[in-house]
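**Q** So I've got this file, protein14.tsv, and it contains TSV, C-alpha atoms:
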chain	number	residue	atom	x	y	z
A	13	ASP	CA	53.84	-0.66	-23.90
A	14	THR	CA	54.57	-4.34	-24.39
A	15	GLY	CA	58.31	-3.94	-23.99
A	16	VAL	CA	61.21	-4.88	-26.22
A	17	SER	CA	60.94	-8.44	-27.47
A	18	GLN	CA	63.83	-10.61	-28.65
A	19	ASP	CA	63.75	-13.96	-30.35
A	20	PRO	CA	65.07	-16.56	-29.77
A	21	ARG	CA	65.97	-16.49	-26.09
A	22	HIS	CA	68.68	-19.09	-26.60
A	23	LYS	CA	70.55	-20.26	-29.67
A	24	ILE	CA	73.12	-23.03	-29.81
A	25	THR	CA	74.98	-23.39	-33.07
A	26	LYS	CA	78.06	-25.06	-34.43
A	27	ARG	CA	81.07	-23.07	-35.46
A	28	GLY	CA	80.80	-21.90	-39.03
A	29	GLN	CA	77.01	-21.76	-39.13
A	30	ASN	CA	75.02	-18.58	-39.71
A	31	VAL	CA	72.56	-17.31	-37.13
A	32	THR	CA	69.95	-14.55	-37.15
A	33	PHE	CA	68.34	-12.83	-34.20
A	34	ARG	CA	65.25	-10.69	-34.18
A	35	CYS	CA	64.32	-7.67	-32.08
A	36	ASP	CA	60.91	-6.02	-31.87
A	37	PRO	CA	61.23	-2.63	-30.19
A	38	ILE	CA	58.52	-0.70	-28.38
A	39	SER	CA	56.24	0.36	-31.21
A	40	GLU	CA	56.58	4.12	-30.94
A	41	HIS	CA	60.37	4.07	-30.48
A	42	ASN	CA	62.27	5.25	-33.53
A	43	ARG	CA	65.75	4.39	-32.21
A	44	LEU	CA	67.00	0.82	-31.89
A	45	TYR	CA	70.31	-0.40	-30.48
A	46	TRP	CA	72.24	-3.67	-30.39
A	47	TYR	CA	74.68	-4.47	-27.61
A	48	ARG	CA	76.79	-7.55	-26.88
A	49	GLN	CA	77.42	-8.77	-23.36
A	50	THR	CA	80.02	-11.43	-22.66
A	51	LEU	CA	80.15	-13.33	-19.39
A	52	GLY	CA	81.18	-11.15	-16.49
A	53	GLN	CA	81.27	-7.96	-18.54
A	54	GLY	CA	79.02	-5.03	-19.15
A	55	PRO	CA	77.21	-4.57	-22.45
A	56	GLU	CA	79.24	-3.25	-25.37
A	57	PHE	CA	77.68	-1.15	-28.10
A	58	LEU	CA	77.44	-2.77	-31.53
A	59	THR	CA	75.23	-0.59	-33.68
A	60	TYR	CA	72.22	1.70	-33.73
A	61	PHE	CA	69.36	2.67	-36.04
A	62	GLN	CA	67.25	5.75	-36.37
A	63	ASN	CA	64.16	4.46	-38.12
A	64	GLU	CA	65.52	2.30	-40.95
A	65	ALA	CA	68.90	4.03	-41.20
A	66	GLN	CA	71.92	2.43	-39.56
A	67	LEU	CA	73.78	5.46	-38.27
A	68	GLU	CA	76.63	4.08	-36.21
A	69	LYS	CA	78.58	0.84	-36.08
A	70	SER	CA	81.19	-0.23	-33.57
A	71	ARG	CA	84.57	-1.66	-34.53
A	72	LEU	CA	83.29	-4.77	-32.76
A	73	LEU	CA	80.90	-5.31	-35.65
A	74	SER	CA	83.15	-7.23	-38.02
A	75	ASP	CA	82.20	-7.94	-41.62
A	76	ARG	CA	80.64	-11.21	-40.46
A	77	PHE	CA	77.97	-9.22	-38.65
A	78	SER	CA	75.13	-7.45	-40.37
A	79	ALA	CA	72.15	-5.67	-38.92
A	80	GLU	CA	69.04	-4.42	-40.64
A	81	ARG	CA	65.88	-2.58	-39.77
A	82	PRO	CA	64.09	-2.67	-43.12
A	83	LYS	CA	60.87	-0.83	-42.31
A	84	GLY	CA	61.95	1.05	-39.26
A	85	SER	CA	60.18	-1.41	-36.99
A	86	PHE	CA	61.79	-4.76	-36.10
A	87	SER	CA	65.49	-5.39	-36.56
A	88	THR	CA	67.58	-8.45	-37.34
A	89	LEU	CA	71.19	-9.16	-36.44
A	90	GLU	CA	72.90	-11.83	-38.52
A	91	ILE	CA	76.24	-13.44	-37.75
A	92	GLN	CA	77.83	-15.37	-40.57
A	93	ARG	CA	80.41	-18.12	-40.13
A	94	THR	CA	80.07	-18.04	-36.37
A	95	GLU	CA	83.15	-18.41	-34.18
A	96	GLN	CA	83.41	-19.49	-30.57
A	97	GLY	CA	84.29	-15.93	-29.65
A	98	ASP	CA	80.84	-14.87	-30.78
A	99	SER	CA	79.31	-16.66	-27.79
A	100	ALA	CA	77.61	-13.93	-25.79
A	101	MET	CA	74.32	-12.37	-24.85
A	102	TYR	CA	73.02	-10.09	-27.60
A	103	LEU	CA	70.86	-7.32	-26.20
A	104	CYS	CA	68.48	-5.11	-28.11
A	105	ALA	CA	67.21	-1.80	-26.77
A	106	SER	CA	64.98	0.95	-28.05
A	107	SER	CA	64.43	4.59	-27.26
A	108	PRO	CA	62.00	7.29	-28.32
A	109	GLY	CA	62.60	10.81	-29.52
A	110	GLN	CA	66.16	12.00	-29.82
A	111	GLY	CA	67.56	8.80	-28.45
A	112	ALA	CA	69.81	7.50	-25.75
A	113	TYR	CA	71.16	10.79	-24.37
A	114	TYR	CA	67.71	12.23	-23.71
A	115	SER	CA	65.58	9.14	-23.15
A	116	PRO	CA	66.65	6.05	-21.20
A	117	LEU	CA	67.01	2.84	-23.14
A	118	HIS	CA	64.46	0.06	-22.79
A	119	PHE	CA	66.18	-3.30	-23.06
A	120	GLY	CA	64.91	-6.68	-24.15
A	121	ASN	CA	65.69	-9.94	-22.38
A	122	GLY	CA	68.46	-10.74	-24.83
A	123	THR	CA	69.40	-13.69	-27.00
A	124	ARG	CA	72.07	-15.95	-25.55
A	125	LEU	CA	74.25	-17.40	-28.30
A	126	THR	CA	76.45	-20.42	-27.67
A	127	VAL	CA	78.83	-21.47	-30.43
A	128	THR	CA	80.17	-25.00	-30.04
B	6	ALA	CA	89.12	6.93	-24.23
B	7	GLN	CA	85.87	6.82	-22.33
B	8	THR	CA	85.79	4.17	-19.66
B	9	VAL	CA	83.75	3.12	-16.64
B	10	THR	CA	85.25	1.18	-13.76
B	11	GLN	CA	83.34	-0.70	-11.11
B	12	SER	CA	85.88	-1.93	-8.61
B	13	GLN	CA	83.57	-4.27	-6.67
B	14	PRO	CA	82.84	-7.44	-8.65
B	15	GLU	CA	80.57	-8.81	-5.91
B	16	MET	CA	78.86	-7.55	-2.80
B	17	SER	CA	76.58	-9.17	-0.29
B	18	VAL	CA	74.50	-7.62	2.49
B	19	GLN	CA	71.65	-8.57	4.76
B	20	GLU	CA	68.12	-7.53	4.01
B	21	ALA	CA	67.24	-4.03	5.30
B	22	GLU	CA	70.89	-2.93	5.35
B	23	THR	CA	72.25	-0.05	3.34
B	24	VAL	CA	74.77	-0.78	0.60
B	25	THR	CA	76.87	1.48	-1.61
B	26	LEU	CA	78.17	0.48	-5.03
B	27	SER	CA	81.15	2.34	-6.44
B	28	CYS	CA	81.75	3.63	-9.93
B	29	THR	CA	84.39	5.82	-11.48
B	30	TYR	CA	84.51	6.98	-15.05
B	31	ASP	CA	86.82	8.80	-17.38
B	32	THR	CA	85.86	11.28	-20.05
B	33	SER	CA	87.16	14.59	-21.29
B	34	GLU	CA	83.65	15.76	-22.09
B	35	ASN	CA	81.82	18.20	-19.85
B	36	ASN	CA	78.22	17.33	-20.66
B	37	TYR	CA	77.03	13.80	-20.11
B	38	TYR	CA	74.51	11.63	-18.32
B	39	LEU	CA	75.34	8.95	-15.81
B	40	PHE	CA	73.17	5.92	-15.18
B	41	TRP	CA	72.79	2.93	-12.93
B	42	TYR	CA	71.12	-0.06	-14.55
B	43	LYS	CA	69.96	-3.20	-12.79
B	44	GLN	CA	69.99	-6.61	-14.45
B	45	PRO	CA	68.09	-9.19	-12.37
B	46	PRO	CA	68.51	-12.90	-12.97
B	47	SER	CA	65.68	-12.70	-15.54
B	48	ARG	CA	68.19	-10.67	-17.60
B	49	GLN	CA	66.17	-7.61	-18.63
B	50	MET	CA	68.20	-4.50	-17.95
B	51	ILE	CA	66.21	-1.89	-16.04
B	52	LEU	CA	67.11	1.74	-15.43
B	53	VAL	CA	67.47	2.46	-11.70
B	54	ILE	CA	68.50	6.09	-11.65
B	55	ARG	CA	70.20	8.73	-13.79
B	56	GLN	CA	72.07	11.93	-13.18
B	57	GLU	CA	72.82	14.84	-15.49
B	58	ALA	CA	76.42	15.96	-15.15
B	59	TYR	CA	75.58	19.66	-14.99
B	60	LYS	CA	73.27	19.16	-12.00
B	61	GLN	CA	75.00	19.44	-8.65
B	62	GLN	CA	72.09	17.97	-6.73
B	63	ASN	CA	72.31	14.22	-6.36
B	64	ALA	CA	69.48	12.23	-7.91
B	65	THR	CA	67.16	10.19	-5.71
B	66	GLU	CA	64.56	7.57	-6.62
B	67	ASN	CA	62.82	6.15	-3.56
B	68	ARG	CA	65.38	3.90	-1.82
B	69	PHE	CA	68.04	4.60	-4.44
B	70	SER	CA	70.30	7.63	-4.37
B	71	VAL	CA	73.60	8.61	-5.90
B	72	ASN	CA	76.67	10.45	-4.73
B	73	PHE	CA	77.95	12.32	-7.77
B	74	GLN	CA	81.40	13.85	-7.46
B	75	LYS	CA	82.13	15.42	-10.84
B	76	ALA	CA	85.67	16.54	-10.10
B	77	ALA	CA	86.58	13.09	-8.88
B	78	LYS	CA	84.60	11.46	-11.71
B	79	SER	CA	82.85	9.30	-9.18
B	80	PHE	CA	79.23	8.14	-9.25
B	81	SER	CA	78.25	5.77	-6.45
B	82	LEU	CA	74.84	4.21	-5.87
B	83	LYS	CA	73.36	3.87	-2.40
B	84	ILE	CA	70.54	1.44	-1.78
B	85	SER	CA	68.76	1.98	1.51
B	86	ASP	CA	66.62	-0.59	3.30
B	87	SER	CA	67.74	-3.25	0.83
B	88	GLN	CA	65.21	-5.85	-0.25
B	89	LEU	CA	65.54	-9.38	-1.61
B	90	GLY	CA	64.33	-8.09	-4.97
B	91	ASP	CA	67.39	-5.84	-5.20
B	92	THR	CA	69.51	-8.93	-5.89
B	93	ALA	CA	70.92	-8.35	-9.36
B	94	MET	CA	73.89	-7.23	-11.42
B	95	TYR	CA	74.27	-3.47	-11.27
B	96	PHE	CA	75.91	-1.60	-14.10
B	97	CYS	CA	77.16	1.95	-14.06
B	98	ALA	CA	77.09	3.67	-17.45
B	99	PHE	CA	77.46	7.06	-19.05
B	100	ILE	CA	76.73	8.76	-22.34
B	101	ILE	CA	78.17	11.98	-23.64
B	102	GLN	CA	75.96	14.73	-24.99
B	103	GLY	CA	74.81	14.11	-28.55
B	104	ALA	CA	76.00	10.51	-28.61
B	105	GLN	CA	73.89	7.39	-28.87
B	106	LYS	CA	76.34	4.93	-27.34
B	107	LEU	CA	76.24	4.05	-23.65
B	108	VAL	CA	79.55	3.02	-22.11
B	109	PHE	CA	79.06	0.44	-19.38
B	110	GLY	CA	81.22	-0.73	-16.51
B	111	GLN	CA	81.91	-4.39	-15.78
B	112	GLY	CA	79.12	-4.65	-13.25
B	113	THR	CA	78.75	-5.47	-9.56
B	114	ARG	CA	76.88	-8.58	-8.53
B	115	LEU	CA	74.80	-7.66	-5.50
B	116	THR	CA	73.20	-10.31	-3.33
B	117	ILE	CA	70.70	-9.44	-0.63
B	118	ASN	CA	70.51	-12.18	1.99
B	119	PRO	CA	67.40	-12.85	4.08
If you took the structure in this file and wrote it as structure tokens, what would it be?
**A**
Amino acid sequence: DTGVSQDPRHKITKRGQNVTFRCDPISEHNRLYWYRQTLGQGPEFLTYFQNEAQLEKSRLLSDRFSAERPKGSFSTLEIQRTEQGDSAMYLCASSPGQGAYYSPLHFGNGTRLTVT
Amino acid sequence: AQTVTQSQPEMSVQEAETVTLSCTYDTSENNYYLFWYKQPPSRQMILVIRQEAYKQQNATENRFSVNFQKAAKSFSLKISDSQLGDTAMYFCAFIIQGAQKLVFGQGTRLTINP
């Protein structure tokens, strides 16, 4: 168990640029989750995958956001035309079996995005 | 709407003291799990303890225990014999049965002073 890995740890970008984050879950975990955490707040759910299928998306995930998990392993989260309001910590988590209700989530260290 | 409220933005205690963090939640569901997660300065969120709503007995994990009051929708965390390594943000969260989405509170920043 090497843990959930996220890359990069920090990303600074200018408004209007596109950014992509990567998450490598624990290898045997079939469920993968993305959360967003703004300063002073708790994480907010963005989306989740079971294997390669994206099964739920939050209203927070506007059409500028897209997430993929092409082979049911790693996942990417892309933000197009970034806005200053996108500045946040983006957390990835994974879970085995039937998912978050039955098995606690394992979180990565997050990617901190700053949009200038 | 399902919400979690942590009314203490910050707390500070001396090492070895006992501290209690408060959490209330709102849901119309009957079956759910409640969690306390810890987020140290290194940022990785770690599960501290969890409680199934149908269990009346309060969960305990070493120095960590909860006081679960289902009727009051209250779920507080007690840390006994606090240690410097307990310094972190603590988040209360819950998930309803069959769902995949955790709902988190705003967090409590806990500082343990030497």
**Q** Using only C-alpha atoms, determine which residues lie at most 10 Å from Ala112 of chain A, disregarding the query and same-chain residues fewer than 6 positions distant; provide the list as a PDB file with C-alpha atoms, keeping the file's coordinate frame.
**A**
ATOM      1  CA  ARG A  43      65.750   4.390 -32.210  1.00  0.00           C
ATOM      2  CA  LEU A  44      67.000   0.820 -31.890  1.00  0.00           C
ATOM      3  CA  TYR A  45      70.310  -0.400 -30.480  1.00  0.00           C
ATOM      4  CA  ALA A 105      67.210  -1.800 -26.770  1.00  0.00           C
ATOM      5  CA  SER A 106      64.980   0.950 -28.050  1.00  0.00           C
ATOM      6  CA  HIS A 118      64.460   0.060 -22.790  1.00  0.00           C
TER       7      HIS A 118
ATOM      8  CA  TYR B  38      74.510  11.630 -18.320  1.00  0.00           C
ATOM      9  CA  ILE B 100      76.730   8.760 -22.340  1.00  0.00           C
ATOM     10  CA  ILE B 101      78.170  11.980 -23.640  1.00  0.00           C
ATOM     11  CA  GLN B 102      75.960  14.730 -24.990  1.00  0.00           C
ATOM     12  CA  GLY B 103      74.810  14.110 -28.550  1.00  0.00           C
ATOM     13  CA  ALA B 104      76.000  10.510 -28.610  1.00  0.00           C
ATOM     14  CA  GLN B 105      73.890   7.390 -28.870  1.00  0.00           C
ATOM     15  CA  LYS B 106      76.340   4.930 -27.340  1.00  0.00           C
ATOM     16  CA  LEU B 107      76.240   4.050 -23.650  1.00  0.00           C
TER      17      LEU B 107
END
**Q** Tell me which residues come within 12 Å of (86.6, -9.1, -9.3), as an MDAnalysis selection string, counting all atoms listed in the file in the file's coordinates.
**A** (chainID A and resid 52:53) or (chainID B and resid 10:16 111:114)
**Q** Hey, what's within 6 Å of segment 15-17 of chain A if we count all atoms listed in the file and toss same-chain stuff fewer than 2 positions away? As a VMD selection string, please?
**A** chain A and resid 13 35 to 38 120
**Q** Which residues of chain A are close to chain B, meaning at most 8 Å apart when you count all atoms listed in the file, and how do they look as number ranges by chain?
**A** A: 52-57, 60, 111-113, 116-122
**Q** Of the candidates A:Gln92, A:Asn30, A:Ser85, A:Gln49, which one gets nearest to Arg124 of chain A if we count only C-alpha atoms?
**A**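 Result for the nearest residue to Arg124 of chain A: A:Gln49.
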**Q** Hey, can you check how far atom CA of Tyr102 of chain A sits from atom CA of Asp91 of chain B?
**A**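 According to the coordinates, atom CA of Tyr102 of chain A and atom CA of Asp91 of chain B are separated by 23.5 Å.
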**Q** Quick one: residues within 10 Å of segment 71-81 of chain A, all atoms listed in the file counted, chain neighbours fewer than 4 positions away excluded, as JSON, numbers by chain?
**A** {"A": [30, 31, 32, 33, 34, 35, 36, 44, 46, 48, 56, 57, 58, 59, 60, 61, 62, 63, 64, 65, 66, 85, 86, 87, 88, 89, 90, 91, 92, 93, 94, 95]}
**Q** Tell me which residues come within 9 Å of (76.4, 10.1, -8.6), as a list in words, counting all atoms listed in the file in the file's coordinates.
**A**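 Output of the proximity query reads Cys28, Leu39, Phe40, Arg55, Gln56, Ala58, Asn63, Ala64, Ser70, Val71, Asn72, Phe73, Gln74, Lys75, Lys78, Ser79, Phe80, Ser81 and Leu82 of chain B.
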**Q** Write out the residues from the selection above, keeping C-alpha atoms, as a compact mmCIF listing (two decimals), in the coordinates of the input.
**A**
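Output contents, as saved in again30.txt:
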# COMPACT_ATOMS: atom_id res chain seq x y z
CA CYS B 28 81.75 3.63 -9.93
CA LEU B 39 75.34 8.95 -15.81
CA PHE B 40 73.17 5.92 -15.18
CA ARG B 55 70.20 8.73 -13.79
CA GLN B 56 72.07 11.93 -13.18
CA ALA B 58 76.42 15.96 -15.15
CA ASN B 63 72.31 14.22 -6.36
CA ALA B 64 69.48 12.23 -7.91
CA SER B 70 70.30 7.63 -4.37
CA VAL B 71 73.60 8.61 -5.90
CA ASN B 72 76.67 10.45 -4.73
CA PHE B 73 77.95 12.32 -7.77
CA GLN B 74 81.40 13.85 -7.46
CA LYS B 75 82.13 15.42 -10.84
CA LYS B 78 84.60 11.46 -11.71
CA SER B 79 82.85 9.30 -9.18
CA PHE B 80 79.23 8.14 -9.25
CA SER B 81 78.25 5.77 -6.45
CA LEU B 82 74.84 4.21 -5.87
**Q** Which residues, written as a list in words, have at least one atom at most 7 Å from Thr25 of chain A, with all atoms listed in the file counted and residues fewer than 5 positions away on the same chain left out?
**A**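 Neighbouring residues, sequence-local ones excluded: Thr126, Val127 and Thr128 of chain A.
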**Q** I'd like the interatomic distance between atom CA of Ala21 of chain B and atom CA of Gln88 of chain B, to a tenth of an Å.
**A**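 Spanning atom CA of Ala21 of chain B to atom CA of Gln88 of chain B is a straight-line distance of 6.2 Å.
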**Q** Rounded to one decimal place, report the atom CA of Gly109 of chain A-atom CA of Tyr47 of chain A distance in Å.
**A**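 Computing the Euclidean distance for atom CA of Gly109 of chain A and atom CA of Tyr47 of chain A yields 19.6 Å.
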**Q** So which residues touch Ser85 of chain B within 7 Å, counting all atoms listed in the file, skipping near sequence neighbours fewer than 6 positions away, as a VMD selection string?
**A** chain B and resid 22 to 24 68 to 69
**Q** Calculated over only C-alpha atoms, which of the candidates B:Leu89, B:Ala6, B:Ile84, B:Ile117 has the smallest distance to Tyr30 of chain B?
**A**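 The closest residue to Tyr30 of chain B is B:Ala6.
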